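Chemist: If it helps, the file is called target03.tsv and holds TSV, C-alpha atoms and all ligand atoms:
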```tsv
chain	number	residue	atom	x	y	z
A	23	MET	CA	0.00	0.00	0.00
A	24	LEU	CA	1.08	3.60	-0.55
A	25	ASN	CA	2.79	5.46	2.29
A	26	LEU	CA	0.46	8.45	2.18
A	27	LEU	CA	-2.45	6.08	2.86
A	28	LYS	CA	-0.79	5.00	6.08
A	29	THR	CA	-0.66	8.56	7.41
A	30	GLU	CA	-4.41	8.40	8.12
A	31	ASP	CA	-4.64	12.15	7.71
A	32	ASN	CA	-7.98	13.77	8.37
A	33	LEU	CA	-8.97	14.72	4.84
A	34	LYS	CA	-11.57	17.25	5.89
A	35	GLU	CA	-8.89	19.15	7.83
A	36	LEU	CA	-6.56	19.01	4.85
A	37	VAL	CA	-9.18	20.55	2.55
A	38	ASP	CA	-9.01	23.79	4.55
A	39	GLY	CA	-5.59	23.38	6.17
A	40	LEU	CA	-3.21	22.93	3.24
A	41	THR	CA	-2.07	25.68	0.91
A	42	PHE	CA	-2.44	25.38	-2.85
A	43	LYS	CA	1.28	24.55	-3.17
A	44	GLN	CA	1.07	21.90	-0.45
A	45	LYS	CA	-1.88	20.30	-2.21
A	46	VAL	CA	-0.08	20.23	-5.55
A	47	ASP	CA	2.98	18.63	-3.90
A	48	ARG	CA	0.82	16.08	-2.08
A	49	SER	CA	-0.90	15.12	-5.33
A	50	LEU	CA	2.42	14.74	-7.15
A	51	ASN	CA	3.77	12.61	-4.28
A	52	LEU	CA	0.72	10.36	-4.37
A	53	ILE	CA	1.13	9.78	-8.10
A	54	GLU	CA	4.89	9.19	-7.69
A	55	GLU	CA	4.31	6.59	-4.99
A	56	ALA	CA	1.69	4.87	-7.11
A	57	LEU	CA	4.04	4.85	-10.08
A	58	ASP	CA	6.76	3.18	-7.97
A	59	GLU	CA	4.26	0.59	-6.82
A	60	TYR	CA	2.34	-0.14	-10.02
A	61	GLY	CA	4.58	0.94	-12.91
A	62	ASP	CA	2.88	0.37	-16.28
A	63	SER	CA	-0.29	-0.84	-14.54
A	64	LEU	CA	-0.93	2.71	-13.33
A	65	VAL	CA	-3.39	4.35	-15.72
A	66	VAL	CA	-5.26	7.67	-15.69
A	67	ALA	CA	-9.02	7.85	-16.24
A	68	ASN	CA	-9.49	11.08	-18.17
A	69	SER	CA	-13.11	12.26	-18.35
A	70	LEU	CA	-11.97	15.48	-20.07
A	71	GLY	CA	-13.57	17.54	-17.28
A	72	LYS	CA	-11.54	20.21	-15.49
A	73	ASP	CA	-10.54	17.90	-12.63
A	74	SER	CA	-9.37	15.12	-14.95
A	75	ILE	CA	-7.40	17.63	-16.98
A	76	VAL	CA	-5.55	18.72	-13.82
A	77	VAL	CA	-4.85	15.10	-12.88
A	78	TRP	CA	-3.68	14.28	-16.40
A	79	ASP	CA	-1.30	17.27	-16.29
A	80	LEU	CA	0.04	16.25	-12.86
A	81	ALA	CA	0.49	12.64	-13.94
A	82	LYS	CA	2.36	13.73	-17.07
A	83	LYS	CA	4.72	15.76	-14.87
A	84	VAL	CA	5.47	12.65	-12.84
A	85	SER	CA	5.66	10.25	-15.77
A	86	PRO	CA	5.57	11.67	-19.33
A	87	GLY	CA	4.79	8.24	-20.77
A	88	ILE	CA	1.86	7.43	-18.50
A	89	LYS	CA	-1.19	6.02	-20.32
A	90	GLY	CA	-4.84	6.83	-19.91
A	91	PHE	CA	-8.33	6.12	-21.15
A	92	ILE	CA	-11.37	8.19	-22.00
A	93	ILE	CA	-14.92	6.85	-21.68
A	94	THR	CA	-17.15	8.58	-24.19
A	95	THR	CA	-20.79	8.08	-25.18
A	96	ARG	CA	-23.03	8.86	-28.15
A	97	TYR	CA	-24.60	11.62	-26.03
A	98	LYS	CA	-21.50	13.69	-25.25
A	99	PRO	CA	-21.85	17.29	-26.44
A	100	TYR	CA	-20.25	18.22	-29.76
A	101	ALA	CA	-17.76	20.52	-27.99
A	102	THR	CA	-16.68	17.71	-25.70
A	103	LYS	CA	-16.15	15.37	-28.66
A	104	GLN	CA	-14.08	18.00	-30.45
A	105	PHE	CA	-12.04	18.59	-27.28
A	106	MET	CA	-11.57	14.83	-26.99
A	107	TYR	CA	-10.23	14.51	-30.54
A	108	GLU	CA	-7.84	17.43	-29.98
A	109	THR	CA	-6.63	15.92	-26.72
A	110	VAL	CA	-6.09	12.47	-28.20
A	111	GLU	CA	-4.22	13.96	-31.15
A	112	LYS	CA	-1.84	15.57	-28.66
A	113	TYR	CA	-1.70	12.49	-26.42
A	114	PRO	CA	-2.15	9.34	-28.51
A	115	GLU	CA	-1.45	7.29	-25.38
A	116	LEU	CA	-5.02	8.17	-24.33
A	117	LYS	CA	-7.30	5.38	-25.54
A	118	ILE	CA	-10.98	6.03	-26.22
A	119	TYR	CA	-13.59	3.49	-25.08
A	120	GLU	CA	-17.20	3.70	-26.23
A	121	ASN	CA	-20.05	1.18	-26.10
A	122	LYS	CA	-21.97	1.39	-29.37
A	123	GLU	CA	-24.52	-1.35	-28.65
A	124	ASP	CA	-28.18	-0.63	-29.39
A	125	ILE	CA	-30.22	0.75	-26.51
A	126	PRO	CA	-33.84	1.98	-26.35
A	127	ASP	CA	-34.46	5.58	-27.46
A	128	GLU	CA	-34.23	8.08	-24.62
A	129	LEU	CA	-33.18	5.44	-22.11
A	130	TYR	CA	-31.56	8.33	-20.24
A	131	LYS	CA	-35.11	9.53	-19.48
A	132	THR	CA	-36.76	6.24	-18.64
A	133	ASP	CA	-33.88	4.53	-16.83
A	134	PRO	CA	-30.77	6.72	-16.46
A	135	ASP	CA	-29.08	4.18	-14.18
A	136	LYS	CA	-29.31	1.55	-16.88
A	137	CYS	CA	-28.19	4.01	-19.54
A	138	CYS	CA	-25.08	4.91	-17.50
A	139	GLU	CA	-24.43	1.25	-16.75
A	140	ILE	CA	-24.43	0.38	-20.46
A	141	LEU	CA	-22.72	3.46	-21.85
A	142	LYS	CA	-20.24	4.28	-19.08
A	143	VAL	CA	-19.69	1.45	-16.61
A	144	LYS	CA	-19.41	-1.33	-19.21
A	145	PRO	CA	-16.70	0.44	-21.22
A	146	ILE	CA	-14.67	1.30	-18.14
A	147	ARG	CA	-14.71	-2.37	-17.14
A	148	ARG	CA	-13.38	-3.17	-20.59
A	149	ALA	CA	-10.69	-0.47	-20.33
A	150	ILE	CA	-9.51	-1.80	-16.97
A	151	GLU	CA	-9.30	-5.33	-18.30
A	152	GLU	CA	-7.71	-4.56	-21.66
A	153	MET	CA	-5.18	-2.10	-20.28
A	154	ASN	CA	-4.25	-4.46	-17.46
A	155	VAL	CA	-4.93	-1.73	-14.88
A	156	LYS	CA	-3.92	-2.40	-11.30
A	157	CYS	CA	-4.31	1.18	-10.14
A	158	TRP	CA	-6.38	3.87	-11.84
A	159	ILE	CA	-6.12	7.58	-11.19
A	160	THR	CA	-9.22	9.76	-11.07
A	161	GLY	CA	-10.10	13.43	-10.66
A	162	LEU	CA	-12.60	12.91	-7.81
A	163	ARG	CA	-12.84	15.71	-5.23
A	164	CYS	CA	-14.61	15.45	-1.89
A	165	THR	CA	-16.10	18.96	-2.11
A	166	GLU	CA	-17.87	18.38	-5.44
A	167	GLY	CA	-21.24	17.37	-4.08
A	168	ARG	CA	-23.27	15.21	-1.73
A	169	THR	CA	-22.17	11.90	-3.26
A	170	ARG	CA	-18.43	12.60	-3.07
A	171	THR	CA	-17.80	13.26	0.61
A	172	ASP	CA	-16.75	9.76	1.69
A	173	PHE	CA	-14.03	8.82	-0.76
A	174	LYS	CA	-10.38	8.33	0.25
A	175	GLU	CA	-7.22	9.28	-1.56
A	176	VAL	CA	-6.36	5.62	-2.00
A	177	GLU	CA	-9.15	3.03	-2.15
A	178	GLU	CA	-9.63	-0.62	-2.98
A	179	ARG	CA	-13.33	-0.95	-3.78
A	180	ASP	CA	-12.71	-3.90	-6.07
A	181	ARG	CA	-10.26	-6.47	-4.81
A	182	GLY	CA	-6.96	-6.10	-6.63
A	183	LEU	CA	-7.90	-2.79	-8.23
A	184	ILE	CA	-6.63	0.33	-6.47
A	185	LYS	CA	-8.19	3.72	-7.12
A	186	LEU	CA	-6.03	6.76	-6.54
A	187	ASN	CA	-7.80	10.11	-6.08
A	188	PRO	CA	-4.82	12.48	-5.93
A	189	ILE	CA	-6.76	15.76	-5.95
A	190	LEU	CA	-9.46	14.57	-3.56
A	191	ILE	CA	-8.82	17.47	-1.13
A	192	TRP	CA	-8.67	20.22	-3.75
A	193	LYS	CA	-11.40	22.85	-3.86
A	194	GLU	CA	-13.02	23.96	-7.11
A	195	ARG	CA	-11.12	27.26	-6.86
A	196	GLU	CA	-7.81	25.44	-6.63
A	197	VAL	CA	-8.59	23.43	-9.74
A	198	TRP	CA	-9.13	26.64	-11.70
A	199	GLU	CA	-6.06	28.16	-10.02
A	200	TYR	CA	-3.93	25.28	-11.30
A	201	LEU	CA	-5.39	25.41	-14.81
A	202	ALA	CA	-4.83	29.17	-15.02
A	203	LEU	CA	-1.33	29.20	-13.51
A	204	TYR	CA	-0.10	26.36	-15.71
A	205	GLN	CA	-2.12	27.53	-18.72
A	206	VAL	CA	-3.78	24.20	-19.33
A	207	LYS	CA	-6.51	24.15	-21.98
A	208	VAL	CA	-10.00	23.06	-20.93
A	209	ASN	CA	-13.26	22.15	-22.63
A	210	PRO	CA	-14.75	25.43	-23.98
A	211	LEU	CA	-18.16	24.48	-22.52
A	212	TYR	CA	-16.94	25.88	-19.20
A	213	MET	CA	-17.17	29.33	-20.80
A	214	GLU	CA	-20.94	28.80	-21.06
A	215	GLY	CA	-21.17	28.43	-17.29
A	216	TYR	CA	-21.18	24.66	-16.78
A	217	ARG	CA	-19.44	23.55	-13.60
A	218	SER	CA	-19.64	19.80	-14.14
A	219	LEU	CA	-19.70	18.26	-17.62
A	220	GLY	CA	-21.46	15.10	-18.72
A	221	CYS	CA	-23.72	13.82	-21.48
A	222	ALA	CA	-25.82	16.54	-23.15
A	223	PRO	CA	-29.31	15.30	-22.15
A	224	CYS	CA	-28.29	14.93	-18.50
A	225	THR	CA	-26.29	18.09	-17.89
A	226	GLN	CA	-27.51	21.62	-17.27
A	227	ILE	CA	-26.01	24.93	-16.21
A	228	THR	CA	-26.89	25.70	-12.60
A	229	THR	CA	-25.94	28.14	-9.89
A	230	GLY	CA	-25.61	27.45	-6.18
A	231	ASP	CA	-23.15	25.60	-4.00
A	232	ASN	CA	-23.42	22.06	-5.29
A	233	GLU	CA	-21.02	21.74	-8.19
A	234	ARG	CA	-22.79	18.64	-9.56
A	235	ALA	CA	-26.34	19.97	-9.17
A	236	GLY	CA	-26.70	20.27	-12.94
A	237	ARG	CA	-26.32	16.52	-13.47
A	238	TRP	CA	-29.46	14.40	-14.06
A	239	ILE	CA	-31.87	17.18	-13.05
A	240	GLY	CA	-35.44	15.89	-12.77
A	241	THR	CA	-34.41	12.29	-12.08
A	242	SER	CA	-33.63	10.30	-8.94
A	243	LYS	CA	-29.96	10.59	-9.91
A	244	CYS	CA	-30.00	14.42	-9.60
A	245	GLY	CA	-26.52	15.58	-8.53
A	246	GLY	CA	-25.49	11.95	-8.30
A	247	GLU	CA	-23.16	9.47	-9.95
A	248	CYS	CA	-23.00	7.54	-13.22
A	249	GLY	CA	-21.73	4.44	-11.44
A	250	ILE	CA	-18.09	4.55	-12.48
A	251	HIS	CA	-17.15	5.37	-8.90
A	252	THR	CA	-19.79	3.30	-7.15
A	253	LYS	CA	-20.30	0.05	-9.10
A	254	PRO	CA	-17.95	-2.98	-9.14
A	255	LEU	CA	-15.49	-2.62	-12.00
A	256	VAL	CA	-13.79	-5.98	-11.93
A	257	SER	CA	-15.82	-8.65	-13.68
A	258	ALA	CA	-17.55	-11.20	-11.45
A	259	ALA	CA	-15.36	-13.96	-12.82
A	260	GLU	CA	-12.32	-12.31	-11.22
A	261	GLU	CA	-13.95	-11.67	-7.87
A	262	PRO	CA	-13.56	-14.11	-5.00
A	263	ALA	CA	-16.45	-16.49	-4.33
A	264	GLY	CA	-19.22	-15.03	-2.18
A	265	VAL	CA	-18.62	-11.41	-3.20
B	301	LIG	S1	-25.19	10.61	-18.39
B	301	LIG	FE1	-27.27	10.39	-19.27
B	301	LIG	S2	-26.99	9.98	-21.49
B	301	LIG	FE2	-24.99	9.69	-20.44
B	301	LIG	S3	-24.89	7.53	-20.07
B	301	LIG	FE3	-25.74	8.46	-18.19
B	301	LIG	S4	-28.00	8.49	-18.43
B	301	LIG	FE4	-27.06	8.00	-20.45
```
Let's see the structure in the file written out as structure tokens.
Modeler:
Amino acid sequence: MLNLLKTEDNLKELVDGLTFKQKVDRSLNLIEEALDEYGDSLVVANSLGKDSIVVWDLAKKVSPGIKGFIITTRYKPYATKQFMYETVEKYPELKIYENKEDIPDELYKTDPDKCCEILKVKPIRRAIEEMNVKCWITGLRCTEGRTRTDFKEVEERDRGLIKLNPILIWKEREVWEYLALYQVKVNPLYMEGYRSLGCAPCTQITTGDNERAGRWIGTSKCGGECGIHTKPLVSAAEEPAGV
């Protein structure tokens, strides 16, 4: 296990207690430790949102050759697709995964959980298997919304698959601070006022404190999760009996 996990730091205190520079250094150290531990099996999940873009930039500073994957869907906004193609042109080591199987029309309205399961969770399972991932890096932050308060910087939700959340304690302001200071390009949709980006039918511009409030408005998933961070990602065949 990583050394920073063993410190058992109180993450809520760190959110307010560390400076921007200390947070950047902590994130870089977490990625460095993971790289030492997992080598080529350390892979970045890049959703192309602002948080993922920070994490991708940090990971590239630690290891210029690090690989990643992008999960896309048929419902991603045009601007996000364009941004994805530009990003992959610059970083061909980012592999795109998309599930193109037939699904009922407007499944996102009638059963958004199922829609996310098919279009997002299934492809990430495939990415993890095909890329032989032992540790994946995400852009999760614990101040993003009601569903993201209980994550840890290093987690093992699926046996044998570590999830590293190196910017978990960053605030939204610090994400933008990093992107501005290091002049990292982001999806132009942020200029429209979005604070959290997802599929077009399930994402709206909102105001207020909850950064993810614009996701799945009008459904039971409002402000919630697609399942990538909450559902098992290792196929049942690889899980121990009884799980
Ligand atoms: S975010 Fe909406 S459109 Fe995208 S996979 Fe989930 S339910 Fe479907």
Chemist: Enumerate residues in contact with ligand LIG 301 (chain B): an atom-to-atom distance of at most 7 Å, counting all atoms listed in the file. Format the result as a ChimeraX atom specification.
Modeler: /A:95,97,129-130,134-135,137-138,141-142,220-224,238,248
Chemist: Kindly indicate which residue among A:Arg163, A:Val176, A:Ile88, A:Glu123 lies nearest to Lys193 of chain A, using all atoms listed in the file for the distances.
Modeler: A:Arg163
Chemist: Name the closest residue to Gly249 of chain A among the candidates A:Glu139, A:Ile189, A:Ser218, A:Gly236; distances are taken between atoms, counting all atoms listed in the file.
Modeler: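 When distances to Gly249 of chain A are compared using all atoms listed in the file, the smallest one comes from A:Glu139.
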Chemist: Between A:Ile227, A:Thr109, A:Asn187, A:Gly182, which one has atoms that come closest to Ala81 of chain A, using all atoms listed in the file?
Modeler: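 Among the listed residues, A:Asn187 lies closest to Ala81 of chain A.
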Chemist: Looking at A:Glu151, A:Glu233, A:Glu111, A:Asp73, which one is nearest to Leu190 of chain A, with distances taken over only C-alpha atoms?
Modeler: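 Of A:Glu151, A:Glu233, A:Glu111, A:Asp73, the one nearest Leu190 of chain A is A:Asp73, counting only C-alpha atoms.
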Chemist: Would you place a box with edges along x, y and z of the file around all atoms of segment 122-126 of chain A listed there, add 3 Å to each of its six sides, and report the centre and edge lengths in Å to one decimal, as JSON?
Modeler:
```
{"center_x": -27.9, "center_y": 0.3, "center_z": -27.9, "size_x": 17.9, "size_y": 9.3, "size_z": 9.0}
```
Chemist: From the options A:Pro99, A:Gly167, A:Pro188, A:Gly39, which residue's atoms come nearest to Leu52 of chain A, counting all atoms listed in the file?
Modeler: A:Pro188
Chemist: Which distance in Å separates atom CA of Val84 of chain A and atom CA of Asp58 of chain A, to one decimal?
Modeler: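 About the pair atom CA of Val84 of chain A and atom CA of Asp58 of chain A: they are 10.7 Å apart.
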Chemist: Near Gly215 of chain A, within 9 Å and counting all atoms listed in the file, which residues show up once chain neighbours fewer than 2 positions away are dropped, as an MDAnalysis selection string?
Modeler: chainID A and resid 211:213 217 227:229
Chemist: Pick out the closest residue to Asp133 of chain A from this set: A:Lys34, A:Lys243, A:Ala67, A:Lys103. Count all atoms listed in the file.
Modeler: A:Lys243
Chemist: Quick one: pull the distance between atom CA of Ala149 of chain A and atom CA of Val66 of chain A, Å, one decimal.
Modeler: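 Pair atom CA of Ala149 of chain A / atom CA of Val66 of chain A returns 10.8 Å.
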Chemist: Within 7 Å of Phe91 of chain A, counting all atoms listed in the file, which residues show up once you throw out same-chain ones fewer than 2 positions away? Write them as a PyMOL selection string, please.
Modeler: chain A and resi 66-68+93+116-118
Chemist: For atom CA of Val110 of chain A and atom CA of Tyr60 of chain A, quote the distance in Å rounded to one decimal.
Modeler: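 Rounded to one decimal, the two atoms are 23.7 Å apart.
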